[in-house]
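One structure is given below, encoded as structure tokens.
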Amino acid sequence: MIINGPNLNLLGTREPDIYGSLSLNEFLDTVKEKYPTVEIFHFQSNIEGELISKIQEVGFSFDGIILNAAAYTHTSVGIGDAVKAVKTPVVEVHISNTYAREEFRHQSYIAPNAKGVILGFGLQSYELAIQSFLND
Ligand code: DQA
């Protein structure tokens with residue numbers, strides 16, 4: 001399950017110099033084509049509680065969660081707690097290298113409870129996360 005947080009629905013038009021010019025749907029289509037044997041689900045929300053509910057919903061039955069909580073990464077104790085509460089391993093991903101950006105993006109409430117973190121590889125970060133589950 002790929003879970004994307006706030007403003008990631010604007011991929012393709014939002015700051016394309018940082019996040020690229022591919023839309024979320026275009027990107028998901030290419031990933032699904034590349035991994036035809038993997039069941040890939042996607043959920044995006046701009047609302048913190050909806051992200052928490054989705055993590056809880058899938059977090060006891062799915063094989064893996066790929067989570068880009070976007071700005072909530074740096075603020076949400078609630079999402080961090082949800083990641084800690086579930087059984088499904090969570091890989092935190094970011095499109096940009098958050099450590100090369102503003103100081104407030106260096107903090108993650110998810111990382112301490114994530115299986116791992118992949119960031120800075122553009123949209124390829126998601127693919128690397130998929131591969132990490134497949135190589136397990
Ligand atoms: C992001 C990085 C966050 O700091 C930012 O708020 C985002 C996207 C990324 O994928 O690079 O919205 O998670």
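Labels for the structure tokens follow display order: chains A, B, ..., residues from 1 in each chain, ligands from 1.
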Considering only C-alpha atoms, return as a list in words whatever protein or nucleic-acid residues lie within 7 Å of range 71-86 of chain A, sequence-local ones (same chain, fewer than 3 positions apart) excluded.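 With the cut-off at 7 Å, the set is Pro6, Ile52, Ile55, Gln56, Gly59, Phe60, Val90, Phe104, Arg105, Gln107, Ser108, Tyr109, Ile110 and Asn113 of chain A.
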Mind dumping the selected residues with C-alpha atoms as a PDB file, in the first residue's frame?
ATOM      1  CA  PRO A   6      -0.718  16.385   1.820  1.00  0.00           C
ATOM      2  CA  ILE A  52      -3.817   7.540  10.410  1.00  0.00           C
ATOM      3  CA  ILE A  55      -2.400   3.048   8.299  1.00  0.00           C
ATOM      4  CA  GLN A  56      -4.585   1.341  10.941  1.00  0.00           C
ATOM      5  CA  GLY A  59      -1.477  -2.192   9.008  1.00  0.00           C
ATOM      6  CA  PHE A  60      -2.437  -5.654  10.234  1.00  0.00           C
ATOM      7  CA  VAL A  90       6.494   0.761   6.955  1.00  0.00           C
ATOM      8  CA  PHE A 104      12.501  21.755   9.818  1.00  0.00           C
ATOM      9  CA  ARG A 105      12.468  18.988   7.192  1.00  0.00           C
ATOM     10  CA  GLN A 107      12.944  15.973  11.714  1.00  0.00           C
ATOM     11  CA  SER A 108      10.835  12.849  11.122  1.00  0.00           C
ATOM     12  CA  TYR A 109       8.269  11.440  13.534  1.00  0.00           C
ATOM     13  CA  ILE A 110       8.020   8.348  11.324  1.00  0.00           C
ATOM     14  CA  ASN A 113       9.443   3.350  13.879  1.00  0.00           C
TER      15      ASN A 113
END
Please return as an MDAnalysis selection string the residues found within 12 Å of ligand 1, counting only C-alpha atoms and all ligand atoms. chainID A and resid 3:11 14:20 24 44:46 66:76 92:108 110 117:126
Can you list, as a count of residues only, every residue of chain A that DSSP puts in helix (DSSP H, G or I)? 64
DSSP-assigned strand (DSSP E or B) among chain A, expressed as a PyMOL selection string: chain A and resi 2-4+42-44+65-68+90-94+116-119
For the residues in the current selection, export C-alpha atoms as a compact mmCIF listing (two decimals), in the first residue's frame.
# COMPACT_ATOMS: atom_id res chain seq x y z
CA ILE A 2 1.41 3.33 -1.04
CA ILE A 3 0.16 6.14 1.21
CA ASN A 4 0.78 9.72 0.20
CA HIS A 42 -2.66 3.69 -3.41
CA PHE A 43 -4.21 6.18 -1.01
CA GLN A 44 -3.64 9.93 -0.88
CA ILE A 65 3.32 0.14 3.58
CA ILE A 66 5.25 2.77 1.63
CA LEU A 67 4.54 6.04 3.37
CA ASN A 68 5.28 9.54 2.18
CA VAL A 90 6.49 0.76 6.96
CA VAL A 91 9.14 2.21 4.64
CA GLU A 92 9.24 5.99 4.81
CA VAL A 93 9.92 7.64 1.47
CA HIS A 94 10.50 11.15 0.23
CA GLY A 116 13.82 2.04 6.72
CA VAL A 117 13.90 5.39 5.01
CA ILE A 118 14.50 6.11 1.32
CA LEU A 119 14.76 9.69 0.20
Could you jot down the CA of Ala111 in chain A to CA of Asp29 in chain A separation for me, Å, one decimal place? 27.4 Å
